[in-house]
$ cat run_12.cif   # mmCIF, C-alpha atoms
data_run
#
loop_
_atom_site.group_PDB
_atom_site.id
_atom_site.type_symbol
_atom_site.label_atom_id
_atom_site.label_comp_id
_atom_site.auth_asym_id
_atom_site.auth_seq_id
_atom_site.Cartn_x
_atom_site.Cartn_y
_atom_site.Cartn_z
ATOM 1 C CA MET A 1 -15.879 -3.288 -17.556
ATOM 2 C CA LEU A 2 -14.693 -5.504 -14.704
ATOM 3 C CA THR A 3 -17.084 -6.646 -11.967
ATOM 4 C CA ASP A 4 -16.316 -6.029 -8.303
ATOM 5 C CA SER A 5 -15.324 -9.684 -7.927
ATOM 6 C CA GLU A 6 -12.860 -9.363 -10.811
ATOM 7 C CA LEU A 7 -11.475 -6.110 -9.401
ATOM 8 C CA ILE A 8 -11.015 -7.713 -5.988
ATOM 9 C CA GLY A 9 -9.236 -10.645 -7.621
ATOM 10 C CA ARG A 10 -6.848 -8.330 -9.462
ATOM 11 C CA TYR A 11 -6.480 -5.363 -7.104
ATOM 12 C CA LYS A 12 -7.870 -6.577 -3.738
ATOM 13 C CA PHE A 13 -10.468 -3.765 -3.672
ATOM 14 C CA PRO A 14 -13.948 -3.214 -5.143
ATOM 15 C CA ARG A 15 -14.668 -0.387 -7.590
ATOM 16 C CA ARG A 16 -16.007 2.116 -5.044
ATOM 17 C CA VAL A 17 -12.873 1.784 -2.870
ATOM 18 C CA ILE A 18 -10.575 2.173 -5.882
ATOM 19 C CA LEU A 19 -12.501 5.253 -7.009
ATOM 20 C CA GLN A 20 -12.440 6.729 -3.489
ATOM 21 C CA LEU A 21 -8.703 6.075 -3.167
ATOM 22 C CA THR A 22 -8.075 7.674 -6.568
ATOM 23 C CA ASP A 23 -10.099 10.711 -5.525
ATOM 24 C CA ASP A 24 -8.214 10.944 -2.200
ATOM 25 C CA VAL A 25 -4.747 10.874 -3.780
ATOM 26 C CA LYS A 26 -5.199 12.448 -7.220
ATOM 27 C CA ASP A 27 -3.993 15.899 -6.138
ATOM 28 C CA PHE A 28 -0.770 14.335 -4.818
ATOM 29 C CA ILE A 29 -0.038 12.100 -7.823
ATOM 30 C CA GLN A 30 -1.210 14.019 -10.878
ATOM 31 C CA PRO A 31 1.936 15.787 -12.069
ATOM 32 C CA GLN A 32 1.752 19.333 -13.296
ATOM 33 C CA THR A 33 2.991 18.968 -16.838
ATOM 34 C CA LEU A 34 3.030 20.933 -20.037
ATOM 35 C CA ARG A 35 2.992 17.648 -21.926
ATOM 36 C CA SER A 36 -0.301 16.244 -23.072
ATOM 37 C CA HIS A 37 0.434 12.644 -22.112
ATOM 38 C CA ALA A 38 0.432 12.588 -18.312
ATOM 39 C CA ILE A 39 -0.612 9.212 -16.902
ATOM 40 C CA PRO A 40 -4.122 9.565 -15.461
ATOM 41 C CA ALA A 41 -4.477 9.205 -11.696
ATOM 42 C CA HIS A 42 -6.651 6.081 -11.957
ATOM 43 C CA ILE A 43 -4.007 4.281 -14.061
ATOM 44 C CA GLN A 44 -1.334 5.178 -11.503
ATOM 45 C CA VAL A 45 -3.517 3.897 -8.648
ATOM 46 C CA LEU A 46 -4.406 0.676 -10.482
ATOM 47 C CA THR A 47 -0.753 0.066 -11.359
ATOM 48 C CA CYS A 48 0.279 0.524 -7.738
ATOM 49 C CA LEU A 49 -2.535 -1.621 -6.340
ATOM 50 C CA ARG A 50 -1.821 -4.451 -8.795
ATOM 51 C CA PHE A 51 1.897 -4.370 -8.026
ATOM 52 C CA LEU A 52 1.273 -4.449 -4.263
ATOM 53 C CA ALA A 53 -1.587 -6.970 -4.398
ATOM 54 C CA LYS A 54 0.000 -9.531 -6.675
ATOM 55 C CA GLY A 55 3.717 -9.097 -6.198
ATOM 56 C CA ASP A 56 4.084 -9.312 -9.981
ATOM 57 C CA TYR A 57 7.199 -8.121 -11.705
ATOM 58 C CA LEU A 58 6.822 -4.414 -12.338
ATOM 59 C CA SER A 59 7.248 -4.995 -16.077
ATOM 60 C CA GLU A 60 4.214 -7.332 -16.116
ATOM 61 C CA THR A 61 2.134 -4.879 -14.112
ATOM 62 C CA THR A 62 3.029 -1.963 -16.376
ATOM 63 C CA ASP A 63 2.363 -4.014 -19.519
ATOM 64 C CA ILE A 64 -1.163 -4.722 -18.248
ATOM 65 C CA HIS A 65 -1.790 -1.007 -17.769
ATOM 66 C CA GLY A 66 -0.107 0.171 -20.972
ATOM 67 C CA ILE A 67 2.664 2.267 -19.430
ATOM 68 C CA SER A 68 6.447 2.017 -19.395
ATOM 69 C CA LYS A 69 8.328 0.328 -16.575
ATOM 70 C CA SER A 70 9.945 3.618 -15.535
ATOM 71 C CA SER A 71 6.534 5.337 -15.434
ATOM 72 C CA GLY A 72 5.165 2.433 -13.405
ATOM 73 C CA CYS A 73 8.001 2.714 -10.919
ATOM 74 C CA LEU A 74 7.260 6.421 -10.481
ATOM 75 C CA ALA A 75 3.529 5.698 -10.163
ATOM 76 C CA VAL A 76 4.039 3.118 -7.405
ATOM 77 C CA HIS A 77 6.211 5.514 -5.416
ATOM 78 C CA ARG A 78 3.848 8.460 -6.004
ATOM 79 C CA VAL A 79 0.747 6.525 -4.946
ATOM 80 C CA VAL A 80 2.324 5.005 -1.824
ATOM 81 C CA ASP A 81 3.638 8.431 -0.767
ATOM 82 C CA ALA A 82 0.250 9.994 -1.498
ATOM 83 C CA VAL A 83 -1.599 7.415 0.591
ATOM 84 C CA CYS A 84 0.744 8.135 3.503
ATOM 85 C CA LYS A 85 0.162 11.883 3.117
ATOM 86 C CA ALA A 86 -3.600 11.480 2.775
ATOM 87 C CA LEU A 87 -3.874 9.243 5.850
ATOM 88 C CA GLN A 88 -1.597 11.485 7.918
ATOM 89 C CA ASN A 89 -0.989 8.636 10.365
ATOM 90 C CA ILE A 90 2.050 6.892 8.941
ATOM 91 C CA GLU A 91 5.323 8.381 10.080
ATOM 92 C CA PHE A 92 8.720 6.900 9.502
ATOM 93 C CA PRO A 93 11.664 8.047 11.620
ATOM 94 C CA THR A 94 13.495 10.887 9.915
ATOM 95 C CA ARG A 95 15.861 12.297 12.537
ATOM 96 C CA ARG A 96 19.355 10.851 12.163
ATOM 97 C CA GLU A 97 19.722 10.317 15.944
ATOM 98 C CA HIS A 98 16.431 8.425 16.156
ATOM 99 C CA ILE A 99 17.323 6.187 13.209
ATOM 100 C CA SER A 100 20.773 5.458 14.677
ATOM 101 C CA ARG A 101 19.223 4.557 18.060
ATOM 102 C CA ILE A 102 16.743 2.148 16.411
ATOM 103 C CA LYS A 103 19.494 0.530 14.303
ATOM 104 C CA ALA A 104 21.667 0.038 17.389
ATOM 105 C CA SER A 105 18.771 -1.549 19.300
ATOM 106 C CA PHE A 106 18.031 -4.060 16.532
ATOM 107 C CA TYR A 107 21.725 -4.860 16.172
ATOM 108 C CA LYS A 108 21.966 -5.500 19.920
ATOM 109 C CA ILE A 109 18.984 -7.898 19.803
ATOM 110 C CA ALA A 110 19.766 -9.913 16.691
ATOM 111 C CA GLY A 111 23.049 -8.769 15.192
ATOM 112 C CA PHE A 112 21.303 -7.434 12.078
ATOM 113 C CA PRO A 113 22.911 -4.215 10.842
ATOM 114 C CA ASN A 114 20.910 -1.255 9.492
ATOM 115 C CA VAL A 115 17.439 -2.472 10.539
ATOM 116 C CA ILE A 116 14.966 0.259 11.481
ATOM 117 C CA GLY A 117 11.757 -1.757 11.721
ATOM 118 C CA ALA A 118 10.232 -5.218 11.895
ATOM 119 C CA ILE A 119 7.057 -5.925 9.941
ATOM 120 C CA ASP A 120 4.404 -8.580 10.446
ATOM 121 C CA GLY A 121 0.788 -9.157 9.595
ATOM 122 C CA THR A 122 -2.115 -11.161 10.928
ATOM 123 C CA GLN A 123 -5.810 -11.775 10.425
ATOM 124 C CA ILE A 124 -7.937 -10.350 13.230
ATOM 125 C CA PRO A 125 -11.213 -12.321 13.471
ATOM 126 C CA ILE A 126 -14.344 -10.163 13.401
ATOM 127 C CA GLN A 127 -18.051 -10.868 13.585
ATOM 128 C CA GLY A 128 -19.718 -11.233 10.180
ATOM 129 C CA MET A 129 -22.063 -8.474 9.090
ATOM 130 C CA GLY A 130 -25.142 -8.472 6.921
ATOM 131 C CA THR A 131 -24.093 -5.972 4.257
ATOM 132 C CA ASP A 132 -23.385 -6.185 0.540
ATOM 133 C CA ASP A 133 -19.656 -5.929 1.327
ATOM 134 C CA GLU A 134 -19.605 -8.895 3.715
ATOM 135 C CA HIS A 135 -17.709 -11.111 1.249
ATOM 136 C CA LEU A 136 -14.820 -8.633 1.320
ATOM 137 C CA TYR A 137 -14.115 -9.579 4.932
ATOM 138 C CA VAL A 138 -13.843 -13.343 4.456
ATOM 139 C CA CYS A 139 -10.183 -14.382 4.470
ATOM 140 C CA ARG A 140 -8.625 -17.252 2.543
ATOM 141 C CA LYS A 141 -9.131 -19.494 5.594
ATOM 142 C CA GLY A 142 -12.894 -18.958 5.341
ATOM 143 C CA PHE A 143 -13.647 -16.754 8.361
ATOM 144 C CA HIS A 144 -14.481 -13.055 8.701
ATOM 145 C CA SER A 145 -11.420 -10.987 9.504
ATOM 146 C CA ILE A 146 -9.518 -7.778 8.991
ATOM 147 C CA ASN A 147 -5.966 -8.027 7.706
ATOM 148 C CA VAL A 148 -3.605 -5.994 9.881
ATOM 149 C CA GLN A 149 0.017 -5.236 9.079
ATOM 150 C CA ALA A 150 2.304 -3.262 11.348
ATOM 151 C CA VAL A 151 5.886 -2.127 11.745
ATOM 152 C CA VAL A 152 7.486 -1.922 15.173
ATOM 153 C CA ASP A 153 10.772 -0.703 16.541
ATOM 154 C CA ALA A 154 13.224 -2.835 18.540
ATOM 155 C CA ASP A 155 11.170 -2.267 21.705
ATOM 156 C CA LEU A 156 8.016 -3.618 19.948
ATOM 157 C CA ARG A 157 6.407 -0.178 19.864
ATOM 158 C CA PHE A 158 4.140 0.683 16.956
ATOM 159 C CA GLY A 159 5.411 3.915 15.572
ATOM 160 C CA TYR A 160 5.169 3.785 11.834
#

$ encode --input "run_12.cif" --output "structure tokens"
Amino acid sequence: MLTDSELIGRYKFPRRVILQLTDDVKDFIQPQTLRSHAIPAHIQVLTCLRFLAKGDYLSETTDIHGISKSSGCLAVHRVVDAVCKALQNIEFPTRREHISRIKASFYKIAGFPNVIGAIDGTQIPIQGMGTDDEHLYVCRKGFHSINVQAVVDADLRFGY
């Protein structure tokens, strides 16, 4: 069994967070099947987390978890969709008019066609805390922080 440090190194989360995430999304990702070989929710979550955390080729990630590449692709999409549904705070534009307006705004600014969002991330410094999880908040530059990633529209509004 992997230690929390090993799990963080491979998946960017400790065991309790992985277990909580699996519990939060399992109803969304566990397919209803008459077959006896459905991929367990925890394998789908681990596959997705590893793929997102490491940027490995999907084939390497699926080999590690003992599933096929096509099953891994489905798992990544299922888990990401499930996290969005479970959080209920991530909304991507869906109305055709809204998407067209955003695309036109980005094209006007930079001449890039078909762009509907700009993404960036940063480390937000925070005060250290005296808990067992403190090490989870130390970034690669050696200070306590929270990693924030956001997508904005052409008017720099957070919307999704």

$ residues_around --input "run_12.cif" --residues "Val80 in chain A" --least-positions-apart "5" --cutoff "12 Å" --atoms "all atoms listed in the file" --output "PyMOL selection string"
chain A and resi 21-22+25-26+28-29+44-49+51-52+73-75+85-87+90

$ residues_around --input "run_12.cif" --residues "Phe106 in chain A" --least-positions-apart "3" --cutoff "6 Å" --atoms "all atoms listed in the file" --output "CSV table (one decimal) with C-alpha atoms, in the frame of the given file"
chain,number,residue,atom,x,y,z
A,103,LYS,CA,19.5,0.5,14.3
A,109,ILE,CA,19.0,-7.9,19.8
A,154,ALA,CA,13.2,-2.8,18.5

$ atom_distance --input "run_12.cif" --atom1 "CA of Met129 in chain A" --atom2 "CA of Ile146 in chain A"
12.6 Å

$ atom_distance --input "run_12.cif" --atom1 "CA of Phe112 in chain A" --atom2 "CA of His98 in chain A"
17.1 Å

$ residues_around --input "run_12.cif" --residues "Asp63 in chain A" --least-positions-apart "4" --cutoff "12 Å" --atoms "all atoms listed in the file" --output "list in words"
Ile43, Thr47, Arg50, Phe51, Asp56, Tyr57, Leu58, Ser59, Ile67, Ser68, Lys69, Ser70, Ser71 and Gly72 of chain A

$ atom_distance --input "run_12.cif" --atom1 "CA of Ile124 in chain A" --atom2 "CA of Gln149 in chain A"
10.3 Å

$ closest_residue --input "run_12.cif" --among "A:Asp4, A:Val17, A:Asp153, A:Thr61" --to "Ser100 in chain A" --atoms "all atoms listed in the file"
A:Asp153

$ axis_aligned_box --input "run_12.cif" --around "range 128-138 of chain A" --padding-each-side "4 Å" --output "lines of an AutoDock Vina configuration file"
center_x = -19.5
center_y = -9.6
center_z = 5.4
size_x = 19.3
size_y = 15.4
size_z = 17.6

$ build_atoms --input "run_12.cif" --residues "range 65-97 of chain A" --atoms "N, CA and C atoms" --output "mmCIF file, in the frame of the given file"
data_model
loop_
_atom_site.group_PDB
_atom_site.id
_atom_site.type_symbol
_atom_site.label_atom_id
_atom_site.label_comp_id
_atom_site.auth_asym_id
_atom_site.auth_seq_id
_atom_site.Cartn_x
_atom_site.Cartn_y
_atom_site.Cartn_z
ATOM 1 N N HIS A 65 -1.186 -2.341 -17.819
ATOM 2 C CA HIS A 65 -1.790 -1.007 -17.769
ATOM 3 C C HIS A 65 -1.326 -0.082 -18.888
ATOM 4 N N GLY A 66 -0.492 -0.590 -19.789
ATOM 5 C CA GLY A 66 -0.107 0.171 -20.972
ATOM 6 C C GLY A 66 0.818 1.336 -20.713
ATOM 7 N N ILE A 67 1.697 1.201 -19.702
ATOM 8 C CA ILE A 67 2.664 2.267 -19.430
ATOM 9 C C ILE A 67 4.063 1.654 -19.378
ATOM 10 N N SER A 68 5.068 2.503 -19.432
ATOM 11 C CA SER A 68 6.447 2.017 -19.395
ATOM 12 C C SER A 68 6.820 1.590 -17.979
ATOM 13 N N LYS A 69 7.861 0.787 -17.885
ATOM 14 C CA LYS A 69 8.328 0.328 -16.575
ATOM 15 C C LYS A 69 8.785 1.510 -15.709
ATOM 16 N N SER A 70 9.481 2.466 -16.316
ATOM 17 C CA SER A 70 9.945 3.618 -15.535
ATOM 18 C C SER A 70 8.766 4.457 -15.035
ATOM 19 N N SER A 71 7.733 4.609 -15.870
ATOM 20 C CA SER A 71 6.534 5.337 -15.434
ATOM 21 C C SER A 71 5.811 4.577 -14.332
ATOM 22 N N GLY A 72 5.793 3.252 -14.439
ATOM 23 C CA GLY A 72 5.165 2.433 -13.405
ATOM 24 C C GLY A 72 5.883 2.544 -12.079
ATOM 25 N N CYS A 73 7.210 2.560 -12.138
ATOM 26 C CA CYS A 73 8.001 2.714 -10.919
ATOM 27 C C CYS A 73 7.676 4.051 -10.245
ATOM 28 N N LEU A 74 7.627 5.106 -11.026
ATOM 29 C CA LEU A 74 7.260 6.421 -10.481
ATOM 30 C C LEU A 74 5.843 6.409 -9.913
ATOM 31 N N ALA A 75 4.924 5.753 -10.617
ATOM 32 C CA ALA A 75 3.529 5.698 -10.163
ATOM 33 C C ALA A 75 3.412 4.988 -8.824
ATOM 34 N N VAL A 76 4.094 3.862 -8.676
ATOM 35 C CA VAL A 76 4.039 3.118 -7.405
ATOM 36 C C VAL A 76 4.533 4.005 -6.275
ATOM 37 N N HIS A 77 5.672 4.643 -6.467
ATOM 38 C CA HIS A 77 6.211 5.514 -5.416
ATOM 39 C C HIS A 77 5.283 6.702 -5.144
ATOM 40 N N ARG A 78 4.759 7.314 -6.186
ATOM 41 C CA ARG A 78 3.848 8.460 -6.004
ATOM 42 C C ARG A 78 2.607 8.061 -5.215
ATOM 43 N N VAL A 79 2.001 6.940 -5.593
ATOM 44 C CA VAL A 79 0.747 6.525 -4.946
ATOM 45 C C VAL A 79 0.986 6.147 -3.490
ATOM 46 N N VAL A 80 2.037 5.379 -3.214
ATOM 47 C CA VAL A 80 2.324 5.005 -1.824
ATOM 48 C C VAL A 80 2.583 6.253 -0.987
ATOM 49 N N ASP A 81 3.378 7.176 -1.492
ATOM 50 C CA ASP A 81 3.638 8.431 -0.767
ATOM 51 C C ASP A 81 2.346 9.221 -0.563
ATOM 52 N N ALA A 82 1.507 9.252 -1.580
ATOM 53 C CA ALA A 82 0.250 9.994 -1.498
ATOM 54 C C ALA A 82 -0.696 9.388 -0.466
ATOM 55 N N VAL A 83 -0.745 8.071 -0.406
ATOM 56 C CA VAL A 83 -1.599 7.415 0.591
ATOM 57 C C VAL A 83 -1.115 7.779 1.994
ATOM 58 N N CYS A 84 0.194 7.752 2.199
ATOM 59 C CA CYS A 84 0.744 8.135 3.503
ATOM 60 C C CYS A 84 0.391 9.575 3.859
ATOM 61 N N LYS A 85 0.501 10.474 2.881
ATOM 62 C CA LYS A 85 0.162 11.883 3.117
ATOM 63 C C LYS A 85 -1.330 12.052 3.387
ATOM 64 N N ALA A 86 -2.152 11.346 2.623
ATOM 65 C CA ALA A 86 -3.600 11.480 2.775
ATOM 66 C C ALA A 86 -4.073 10.927 4.125
ATOM 67 N N LEU A 87 -3.477 9.830 4.573
ATOM 68 C CA LEU A 87 -3.874 9.243 5.850
ATOM 69 C C LEU A 87 -3.367 10.052 7.031
ATOM 70 N N GLN A 88 -2.237 10.677 6.871
ATOM 71 C CA GLN A 88 -1.597 11.485 7.918
ATOM 72 C C GLN A 88 -1.424 10.718 9.225
ATOM 73 N N ASN A 89 -1.206 9.402 9.143
ATOM 74 C CA ASN A 89 -0.989 8.636 10.365
ATOM 75 C C ASN A 89 0.186 7.670 10.236
ATOM 76 N N ILE A 90 0.902 7.757 9.141
ATOM 77 C CA ILE A 90 2.050 6.892 8.941
ATOM 78 C C ILE A 90 3.292 7.764 8.949
ATOM 79 N N GLU A 91 4.111 7.581 9.964
ATOM 80 C CA GLU A 91 5.323 8.381 10.080
ATOM 81 C C GLU A 91 6.514 7.456 10.231
ATOM 82 N N PHE A 92 7.497 7.668 9.424
ATOM 83 C CA PHE A 92 8.720 6.900 9.502
ATOM 84 C C PHE A 92 9.762 7.776 10.177
ATOM 85 N N PRO A 93 10.665 7.194 10.958
ATOM 86 C CA PRO A 93 11.664 8.047 11.620
ATOM 87 C C PRO A 93 12.501 8.801 10.590
ATOM 88 N N THR A 94 12.733 10.067 10.857
ATOM 89 C CA THR A 94 13.495 10.887 9.915
ATOM 90 C C THR A 94 14.725 11.523 10.558
ATOM 91 N N ARG A 95 14.703 11.688 11.870
ATOM 92 C CA ARG A 95 15.861 12.297 12.537
ATOM 93 C C ARG A 95 17.008 11.290 12.602
ATOM 94 N N ARG A 96 18.171 11.726 12.226
ATOM 95 C CA ARG A 96 19.355 10.851 12.163
ATOM 96 C C ARG A 96 19.621 10.165 13.510
ATOM 97 N N GLU A 97 19.464 10.890 14.611
ATOM 98 C CA GLU A 97 19.722 10.317 15.944
ATOM 99 C C GLU A 97 18.731 9.189 16.253
#
